[in-house]
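For reference, entry10.pdb (PDB, C-alpha atoms, pLDDT in the B column):
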```pdb
ATOM      1  CA  MET R  57      83.093 169.172 209.007  1.00 44.00           C
ATOM      2  CA  ALA R  58      82.208 165.632 207.913  1.00 42.00           C
ATOM      3  CA  SER R  59      85.736 165.010 206.663  1.00 43.00           C
ATOM      4  CA  GLN R  60      87.205 166.233 209.961  1.00 43.00           C
ATOM      5  CA  PHE R  61      84.917 163.864 211.834  1.00 38.00           C
ATOM      6  CA  GLY R  62      86.056 161.009 209.599  1.00 41.00           C
ATOM      7  CA  VAL R  63      89.728 161.757 210.269  1.00 38.00           C
ATOM      8  CA  LEU R  64      89.074 161.951 214.000  1.00 38.00           C
ATOM      9  CA  SER R  65      87.265 158.604 213.903  1.00 39.00           C
ATOM     10  CA  CYS R  66      90.212 156.998 212.106  1.00 39.00           C
ATOM     11  CA  LEU R  67      92.671 158.370 214.649  1.00 38.00           C
ATOM     12  CA  LEU R  68      90.564 157.077 217.514  1.00 37.00           C
ATOM     13  CA  ALA R  69      90.346 153.687 215.801  1.00 40.00           C
ATOM     14  CA  LEU R  70      94.130 153.531 215.409  1.00 39.00           C
ATOM     15  CA  ALA R  71      94.630 154.499 219.044  1.00 35.00           C
ATOM     16  CA  THR R  72      92.485 151.619 220.237  1.00 34.00           C
ATOM     17  CA  LEU R  73      93.509 149.042 217.622  1.00 40.00           C
ATOM     18  CA  ALA R  74      96.223 147.513 219.801  1.00 37.00           C
ATOM     19  CA  SER R  75      93.704 146.561 222.469  1.00 34.00           C
ATOM     20  CA  CYS R  76      91.349 145.243 219.799  1.00 39.00           C
ATOM     21  CA  ASN R  77      94.002 143.192 218.058  1.00 65.00           C
ATOM     22  CA  THR R  78      93.298 139.680 219.299  1.00 89.00           C
ATOM     23  CA  GLU R  79      96.630 138.174 218.276  1.00 94.00           C
ATOM     24  CA  GLY R  80      98.591 141.002 219.847  1.00 93.00           C
ATOM     25  CA  ASP R  81      96.608 140.621 223.053  1.00 93.00           C
ATOM     26  CA  ILE R  82      97.244 136.875 223.134  1.00 95.00           C
ATOM     27  CA  LEU R  83     100.972 137.199 222.534  1.00 96.00           C
ATOM     28  CA  TYR R  84     101.333 139.940 225.130  1.00 95.00           C
ATOM     29  CA  LYS R  85      99.440 137.785 227.634  1.00 95.00           C
ATOM     30  CA  GLN R  86     101.875 134.977 226.819  1.00 96.00           C
ATOM     31  CA  ARG R  87     104.796 137.335 227.364  1.00 96.00           C
ATOM     32  CA  LEU R  88     103.499 138.168 230.847  1.00 96.00           C
ATOM     33  CA  ALA R  89     103.292 134.437 231.656  1.00 97.00           C
ATOM     34  CA  TRP R  90     106.949 133.860 230.768  1.00 97.00           C
ATOM     35  CA  LYS R  91     110.213 134.779 232.414  1.00 97.00           C
ATOM     36  CA  ASP R  92     112.490 136.402 229.856  1.00 96.00           C
ATOM     37  CA  PRO R  93     115.945 136.964 231.407  1.00 96.00           C
ATOM     38  CA  ASN R  94     117.525 137.768 228.031  1.00 95.00           C
ATOM     39  CA  ASN R  95     114.895 140.411 227.154  1.00 95.00           C
ATOM     40  CA  VAL R  96     114.119 138.639 223.894  1.00 96.00           C
ATOM     41  CA  LEU R  97     110.520 139.835 224.127  1.00 96.00           C
ATOM     42  CA  GLN R  98     111.209 143.491 224.848  1.00 93.00           C
ATOM     43  CA  THR R  99     109.769 144.567 221.475  1.00 93.00           C
ATOM     44  CA  TRP R 100     106.433 142.880 222.256  1.00 94.00           C
ATOM     45  CA  ASP R 101     104.732 146.217 222.848  1.00 90.00           C
ATOM     46  CA  PRO R 102     100.923 146.083 223.185  1.00 86.00           C
ATOM     47  CA  THR R 103     100.594 149.769 222.262  1.00 86.00           C
ATOM     48  CA  LEU R 104     101.613 149.101 218.650  1.00 81.00           C
ATOM     49  CA  VAL R 105      98.964 148.708 215.927  1.00 76.00           C
ATOM     50  CA  ASN R 106      99.676 144.983 215.512  1.00 86.00           C
ATOM     51  CA  PRO R 107     102.391 142.486 216.523  1.00 93.00           C
ATOM     52  CA  CYS R 108     103.908 142.219 213.036  1.00 94.00           C
ATOM     53  CA  THR R 109     106.858 144.458 213.944  1.00 93.00           C
ATOM     54  CA  TRP R 110     107.696 142.471 217.074  1.00 95.00           C
ATOM     55  CA  PHE R 111     110.973 140.576 217.207  1.00 94.00           C
ATOM     56  CA  ARG R 112     110.686 136.902 216.132  1.00 96.00           C
ATOM     57  CA  ILE R 113     107.122 137.335 214.849  1.00 96.00           C
ATOM     58  CA  THR R 114     106.184 136.907 211.171  1.00 96.00           C
ATOM     59  CA  CYS R 115     102.859 137.959 209.644  1.00 96.00           C
ATOM     60  CA  ASN R 116     101.124 137.384 206.324  1.00 95.00           C
ATOM     61  CA  ASN R 117      99.890 140.113 203.979  1.00 93.00           C
ATOM     62  CA  ASP R 118      96.777 140.514 206.116  1.00 92.00           C
ATOM     63  CA  ASN R 119      98.875 141.339 209.199  1.00 92.00           C
ATOM     64  CA  SER R 120      97.934 138.056 210.828  1.00 94.00           C
ATOM     65  CA  VAL R 121     100.625 136.131 212.726  1.00 96.00           C
ATOM     66  CA  ILE R 122     101.848 133.014 210.922  1.00 97.00           C
ATOM     67  CA  ARG R 123     105.164 132.344 212.727  1.00 97.00           C
ATOM     68  CA  VAL R 124     106.407 132.542 216.299  1.00 97.00           C
ATOM     69  CA  ASP R 125     110.162 131.829 216.322  1.00 97.00           C
ATOM     70  CA  LEU R 126     111.440 131.658 219.891  1.00 97.00           C
ATOM     71  CA  GLY R 127     113.747 128.665 219.834  1.00 97.00           C
ATOM     72  CA  ASN R 128     116.706 128.785 222.241  1.00 96.00           C
ATOM     73  CA  ALA R 129     115.535 132.096 223.720  1.00 96.00           C
ATOM     74  CA  GLY R 130     116.077 131.357 227.425  1.00 97.00           C
ATOM     75  CA  LEU R 131     112.364 131.499 228.212  1.00 97.00           C
ATOM     76  CA  SER R 132     110.642 129.728 231.106  1.00 98.00           C
ATOM     77  CA  GLY R 133     107.059 129.382 232.238  1.00 98.00           C
ATOM     78  CA  PRO R 134     103.870 127.849 230.818  1.00 98.00           C
ATOM     79  CA  LEU R 135     102.166 127.929 227.450  1.00 97.00           C
ATOM     80  CA  ILE R 136      98.825 129.691 227.795  1.00 97.00           C
ATOM     81  CA  PRO R 137      95.700 128.062 226.288  1.00 97.00           C
ATOM     82  CA  ASP R 138      94.889 131.270 224.393  1.00 96.00           C
ATOM     83  CA  ILE R 139      97.635 130.427 221.883  1.00 96.00           C
ATOM     84  CA  GLY R 140      95.093 128.046 220.362  1.00 96.00           C
ATOM     85  CA  ARG R 141      93.063 131.055 219.188  1.00 95.00           C
ATOM     86  CA  MET R 142      95.738 132.190 216.705  1.00 95.00           C
ATOM     87  CA  ARG R 143      93.984 130.468 213.827  1.00 93.00           C
ATOM     88  CA  ASN R 144      96.431 131.462 211.059  1.00 96.00           C
ATOM     89  CA  LEU R 145      99.551 130.287 212.887  1.00 97.00           C
ATOM     90  CA  GLN R 146     101.698 127.968 210.763  1.00 98.00           C
ATOM     91  CA  TYR R 147     104.931 127.673 212.768  1.00 98.00           C
ATOM     92  CA  LEU R 148     105.227 127.518 216.549  1.00 98.00           C
ATOM     93  CA  GLU R 149     108.942 127.202 217.301  1.00 98.00           C
ATOM     94  CA  LEU R 150     109.606 127.142 221.048  1.00 98.00           C
ATOM     95  CA  TYR R 151     112.348 124.519 221.268  1.00 97.00           C
ATOM     96  CA  SER R 152     115.349 124.538 223.613  1.00 98.00           C
ATOM     97  CA  ASN R 153     113.886 126.706 226.361  1.00 98.00           C
ATOM     98  CA  SER R 154     112.744 125.885 229.903  1.00 97.00           C
ATOM     99  CA  LEU R 155     109.001 125.898 229.319  1.00 98.00           C
ATOM    100  CA  ASN R 156     107.023 123.973 231.937  1.00 98.00           C
ATOM    101  CA  GLY R 157     103.466 122.917 232.597  1.00 97.00           C
ATOM    102  CA  THR R 158     101.325 120.979 230.159  1.00 97.00           C
ATOM    103  CA  ILE R 159     100.800 121.287 226.420  1.00 97.00           C
ATOM    104  CA  PRO R 160      97.436 123.079 226.056  1.00 97.00           C
ATOM    105  CA  SER R 161      94.770 120.964 224.360  1.00 96.00           C
ATOM    106  CA  THR R 162      93.654 124.141 222.571  1.00 97.00           C
ATOM    107  CA  LEU R 163      96.647 123.814 220.226  1.00 97.00           C
ATOM    108  CA  GLY R 164      94.466 121.352 218.347  1.00 96.00           C
ATOM    109  CA  ASN R 165      92.518 124.382 217.074  1.00 97.00           C
ATOM    110  CA  LEU R 166      95.549 125.551 215.072  1.00 97.00           C
ATOM    111  CA  THR R 167      94.397 123.831 211.906  1.00 95.00           C
ATOM    112  CA  LYS R 168      96.913 125.656 209.669  1.00 97.00           C
ATOM    113  CA  LEU R 169      99.907 124.655 211.775  1.00 98.00           C
ATOM    114  CA  VAL R 170     102.706 123.074 209.755  1.00 98.00           C
ATOM    115  CA  SER R 171     105.400 122.798 212.434  1.00 98.00           C
ATOM    116  CA  LEU R 172     105.085 122.352 216.202  1.00 98.00           C
ATOM    117  CA  ASP R 173     108.507 122.284 217.847  1.00 98.00           C
ATOM    118  CA  LEU R 174     108.424 122.086 221.650  1.00 98.00           C
ATOM    119  CA  TYR R 175     111.434 119.833 222.089  1.00 97.00           C
ATOM    120  CA  GLN R 176     114.089 120.233 224.790  1.00 98.00           C
ATOM    121  CA  ASN R 177     111.880 121.904 227.385  1.00 98.00           C
ATOM    122  CA  LYS R 178     110.449 120.829 230.758  1.00 97.00           C
ATOM    123  CA  LEU R 179     106.878 120.148 229.698  1.00 98.00           C
ATOM    124  CA  THR R 180     104.849 117.627 231.693  1.00 97.00           C
ATOM    125  CA  GLY R 181     101.572 115.749 231.398  1.00 97.00           C
ATOM    126  CA  ALA R 182     100.079 113.939 228.451  1.00 97.00           C
ATOM    127  CA  ILE R 183     100.303 114.660 224.742  1.00 97.00           C
ATOM    128  CA  PRO R 184      96.877 116.170 223.944  1.00 97.00           C
ATOM    129  CA  THR R 185      94.704 113.955 221.768  1.00 96.00           C
ATOM    130  CA  THR R 186      93.502 117.149 220.062  1.00 97.00           C
ATOM    131  CA  LEU R 187      96.807 117.439 218.178  1.00 96.00           C
ATOM    132  CA  GLY R 188      95.445 114.754 215.886  1.00 95.00           C
ATOM    133  CA  ALA R 189      93.083 117.364 214.429  1.00 95.00           C
ATOM    134  CA  ILE R 190      95.899 119.423 212.882  1.00 96.00           C
ATOM    135  CA  ARG R 191      95.788 117.761 209.468  1.00 95.00           C
ATOM    136  CA  ALA R 192      98.260 120.262 207.948  1.00 96.00           C
ATOM    137  CA  LEU R 193     100.989 119.325 210.446  1.00 97.00           C
ATOM    138  CA  ARG R 194     104.229 118.092 208.899  1.00 97.00           C
ATOM    139  CA  PHE R 195     106.690 118.380 211.804  1.00 97.00           C
ATOM    140  CA  LEU R 196     105.824 117.341 215.379  1.00 97.00           C
ATOM    141  CA  ARG R 197     108.840 117.336 217.685  1.00 97.00           C
ATOM    142  CA  LEU R 198     108.198 116.982 221.417  1.00 97.00           C
ATOM    143  CA  TYR R 199     111.332 115.107 222.446  1.00 97.00           C
ATOM    144  CA  GLU R 200     113.398 115.663 225.602  1.00 97.00           C
ATOM    145  CA  ASN R 201     110.587 116.803 227.889  1.00 98.00           C
ATOM    146  CA  HIS R 202     108.882 115.072 230.837  1.00 98.00           C
ATOM    147  CA  LEU R 203     105.741 113.962 229.018  1.00 97.00           C
ATOM    148  CA  THR R 204     103.779 111.009 230.418  1.00 97.00           C
ATOM    149  CA  GLY R 205     100.802 108.868 229.447  1.00 96.00           C
ATOM    150  CA  HIS R 206     100.118 107.025 226.213  1.00 96.00           C
ATOM    151  CA  ILE R 207     100.900 108.117 222.685  1.00 94.00           C
ATOM    152  CA  PRO R 208      97.486 109.262 221.398  1.00 96.00           C
ATOM    153  CA  THR R 209      96.011 107.075 218.679  1.00 94.00           C
ATOM    154  CA  SER R 210      94.660 110.286 217.150  1.00 96.00           C
ATOM    155  CA  LEU R 211      98.165 111.126 215.917  1.00 94.00           C
ATOM    156  CA  GLY R 212      97.484 108.573 213.200  1.00 91.00           C
ATOM    157  CA  ASN R 213      95.179 111.173 211.635  1.00 95.00           C
ATOM    158  CA  LEU R 214      98.192 113.360 210.790  1.00 95.00           C
ATOM    159  CA  THR R 215      98.518 111.945 207.314  1.00 93.00           C
ATOM    160  CA  ASN R 216     100.792 114.757 206.076  1.00 94.00           C
ATOM    161  CA  LEU R 217     103.347 114.292 208.843  1.00 94.00           C
ATOM    162  CA  LEU R 218     106.983 113.959 207.800  1.00 93.00           C
ATOM    163  CA  ILE R 219     108.669 113.890 211.219  1.00 94.00           C
ATOM    164  CA  LEU R 220     107.331 112.569 214.548  1.00 93.00           C
ATOM    165  CA  GLN R 221     109.902 112.691 217.344  1.00 96.00           C
ATOM    166  CA  LEU R 222     108.762 111.856 220.889  1.00 95.00           C
ATOM    167  CA  GLN R 223     111.937 110.304 222.280  1.00 94.00           C
ATOM    168  CA  LYS R 224     113.428 110.948 225.735  1.00 96.00           C
ATOM    169  CA  ASN R 225     110.180 111.433 227.646  1.00 96.00           C
ATOM    170  CA  ALA R 226     108.340 109.136 230.065  1.00 96.00           C
ATOM    171  CA  LEU R 227     105.624 107.921 227.705  1.00 94.00           C
ATOM    172  CA  SER R 228     104.116 104.524 228.506  1.00 95.00           C
ATOM    173  CA  GLY R 229     101.834 101.906 227.001  1.00 93.00           C
ATOM    174  CA  SER R 230     102.002 100.433 223.542  1.00 93.00           C
ATOM    175  CA  ILE R 231     102.852 102.084 220.256  1.00 90.00           C
ATOM    176  CA  PRO R 232      99.533 102.793 218.494  1.00 92.00           C
ATOM    177  CA  SER R 233      99.128 100.942 215.224  1.00 89.00           C
ATOM    178  CA  SER R 234      97.305 104.010 213.876  1.00 89.00           C
ATOM    179  CA  LEU R 235     100.698 105.605 213.237  1.00 86.00           C
ATOM    180  CA  GLY R 236     100.896 103.228 210.295  1.00 84.00           C
ATOM    181  CA  ASN R 237      98.338 105.452 208.556  1.00 88.00           C
ATOM    182  CA  ILE R 238     100.975 108.147 208.094  1.00 85.00           C
ATOM    183  CA  LYS R 239     102.372 107.037 204.746  1.00 87.00           C
ATOM    184  CA  THR R 240     104.431 110.238 204.420  1.00 89.00           C
ATOM    185  CA  LEU R 241     106.371 109.647 207.658  1.00 86.00           C
ATOM    186  CA  GLY R 242     110.128 109.775 207.142  1.00 87.00           C
ATOM    187  CA  SER R 243     111.343 109.905 210.766  1.00 87.00           C
ATOM    188  CA  LEU R 244     109.731 108.223 213.787  1.00 87.00           C
ATOM    189  CA  LYS R 245     111.653 108.392 217.063  1.00 90.00           C
ATOM    190  CA  LEU R 246     110.169 106.886 220.236  1.00 91.00           C
ATOM    191  CA  ASN R 247     113.281 105.663 222.063  1.00 90.00           C
ATOM    192  CA  GLU R 248     114.090 106.292 225.745  1.00 92.00           C
ATOM    193  CA  ASN R 249     110.502 106.171 226.958  1.00 91.00           C
ATOM    194  CA  LYS R 250     108.647 103.544 229.025  1.00 91.00           C
ATOM    195  CA  LEU R 251     106.812 101.939 226.125  1.00 88.00           C
ATOM    196  CA  SER R 252     105.809  98.290 226.171  1.00 90.00           C
ATOM    197  CA  GLY R 253     104.894  95.649 223.640  1.00 86.00           C
ATOM    198  CA  THR R 254     106.137  95.231 220.096  1.00 82.00           C
ATOM    199  CA  VAL R 255     106.363  97.550 217.126  1.00 80.00           C
ATOM    200  CA  PRO R 256     103.081  97.148 215.196  1.00 76.00           C
ATOM    201  CA  LEU R 257     103.308  95.621 211.737  1.00 75.00           C
ATOM    202  CA  GLU R 258     101.464  98.648 210.379  1.00 76.00           C
ATOM    203  CA  ILE R 259     104.454 100.791 211.338  1.00 76.00           C
ATOM    204  CA  MET R 260     107.005  98.322 210.026  1.00 77.00           C
ATOM    205  CA  SER R 261     105.230  98.467 206.681  1.00 73.00           C
ATOM    206  CA  LEU R 262     106.107 102.179 206.468  1.00 67.00           C
ATOM    207  CA  VAL R 263     109.705 101.190 205.815  1.00 65.00           C
ATOM    208  CA  ILE R 264     108.542 100.180 202.350  1.00 62.00           C
ATOM    209  CA  SER R 265     107.203 103.689 201.709  1.00 62.00           C
ATOM    210  CA  ALA R 266     108.798 106.823 203.195  1.00 60.00           C
ATOM    211  CA  LEU R 267     110.147 105.809 206.588  1.00 54.00           C
ATOM    212  CA  THR R 268     113.950 106.027 206.721  1.00 60.00           C
ATOM    213  CA  GLU R 269     114.489 106.530 210.466  1.00 54.00           C
ATOM    214  CA  LEU R 270     112.852 104.341 213.112  1.00 63.00           C
TER     215      LEU R 270
END
```

Written as structure tokens, how would this file's structure read?
Amino acid sequence: MASQFGVLSCLLALATLASCNTEGDILYKQRLAWKDPNNVLQTWDPTLVNPCTWFRITCNNDNSVIRVDLGNAGLSGPLIPDIGRMRNLQYLELYSNSLNGTIPSTLGNLTKLVSLDLYQNKLTGAIPTTLGAIRALRFLRLYENHLTGHIPTSLGNLTNLLILQLQKNALSGSIPSSLGNIKTLGSLKLNENKLSGTVPLEIMSLVISALTEL
């Protein structure tokens, strides 16, 4: 009798796991916020045990999502703030879509993120200062959007960054000298914005180290 009860408990747990799976819930909520004319997200089924079998989703050995690969998928709509709760996410690849709205400040909570690619979308508003908290970040590409405001000085905290590409937006103000702290930076693109002032000497000094594209 006890063993039968144990089996029944396991079955009930499996039946409700999809609703308890935080990452699956977040991604399904994001799916509902997007328009998906090409049905790229049709496998994002909230009734499954976890999202690891969904198309363009990669998980680690613990069935936690580490990659979302949705570049050039024909998607439109906003990024929901809940994405910032996916604490094991390492790659967020959403380039070449028609995403709009602002970049959620909650993305700064993704401390394991290595690559954030939101380029060639229709995103507006400022670059969140919270992105400077993602110390693991190596690739930050936000170019060809409609971003405004200043380049956050906090981006200078990204001391593992290899590529920073913010060109073809409507960013204004001066180039922060704090970017000179990123000794690993190999590519820095800021052209076709509304920036003013001169290039700080701290950034010019990067040419001596890793910087090959300015």

Return the padded bounding box of region 196-201 of chain R as AutoDock Vina command-line options: axis-aligned, built from all atoms listed in the file, 8 Å added on each side, with centre and edge lengths in Å to one decimal.
```
--center_x 109.6 --center_y 116.2 --center_z 221.6 --size_x 23.6 --size_y 18.2 --size_z 28.5
```

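Distance check against Ser243 (chain R) using only C-alpha atoms: of R:Leu196, R:Ile159, R:Ala226, R:Leu211, the minimum falls on R:Leu196.
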
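Around the coordinate (104.9, 134.7, 228.1), residues that reach within 10 Å when counting only C-alpha atoms are Ile82, Leu83, Tyr84, Lys85, Gln86, Arg87, Leu88, Ala89, Trp90, Lys91, Asp92, Leu97, Leu131, Ser132, Gly133, Pro134, Leu135, Ile136 and Leu155 of chain R.
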
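Of the residues under consideration (R:Thr114, R:Leu220, R:Lys245, R:Asp81), R:Asp81 shows the shortest atom-to-atom contact distance to Asp101 (chain R) when counting only C-alpha atoms.
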
Quick one: apply the PyMOL selection byres ((chain R and resi 176-179) around 6) to the file and drop the selected residues here as an mmCIF file with C-alpha atoms, in the frame of the given file.
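Everything below was put into out-v2.cif:
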```cif
data_model
loop_
_atom_site.group_PDB
_atom_site.id
_atom_site.type_symbol
_atom_site.label_atom_id
_atom_site.label_comp_id
_atom_site.auth_asym_id
_atom_site.auth_seq_id
_atom_site.Cartn_x
_atom_site.Cartn_y
_atom_site.Cartn_z
ATOM 1 C CA TYR R 151 112.348 124.519 221.268
ATOM 2 C CA SER R 152 115.349 124.538 223.613
ATOM 3 C CA ASN R 153 113.886 126.706 226.361
ATOM 4 C CA SER R 154 112.744 125.885 229.903
ATOM 5 C CA LEU R 155 109.001 125.898 229.319
ATOM 6 C CA ASN R 156 107.023 123.973 231.937
ATOM 7 C CA GLY R 157 103.466 122.917 232.597
ATOM 8 C CA THR R 158 101.325 120.979 230.159
ATOM 9 C CA TYR R 175 111.434 119.833 222.089
ATOM 10 C CA THR R 180 104.849 117.627 231.693
ATOM 11 C CA GLU R 200 113.398 115.663 225.602
ATOM 12 C CA ASN R 201 110.587 116.803 227.889
ATOM 13 C CA HIS R 202 108.882 115.072 230.837
#
```

TODO: Dump as a VMD selection string all residues having an atom at most 7 Å from (112.3, 129.3, 216.1), computed in the file's coordinates with all atoms listed in the file.
DONE: chain R and resid 124 to 127 149 to 150

Write a file of the just-selected residues containing C-alpha atoms, as a PDB file, in the coordinates of the input.
```
ATOM      1  CA  VAL R 124     106.407 132.542 216.299  1.00 97.00           C
ATOM      2  CA  ASP R 125     110.162 131.829 216.322  1.00 97.00           C
ATOM      3  CA  LEU R 126     111.440 131.658 219.891  1.00 97.00           C
ATOM      4  CA  GLY R 127     113.747 128.665 219.834  1.00 97.00           C
ATOM      5  CA  GLU R 149     108.942 127.202 217.301  1.00 98.00           C
ATOM      6  CA  LEU R 150     109.606 127.142 221.048  1.00 98.00           C
TER       7      LEU R 150
END
```
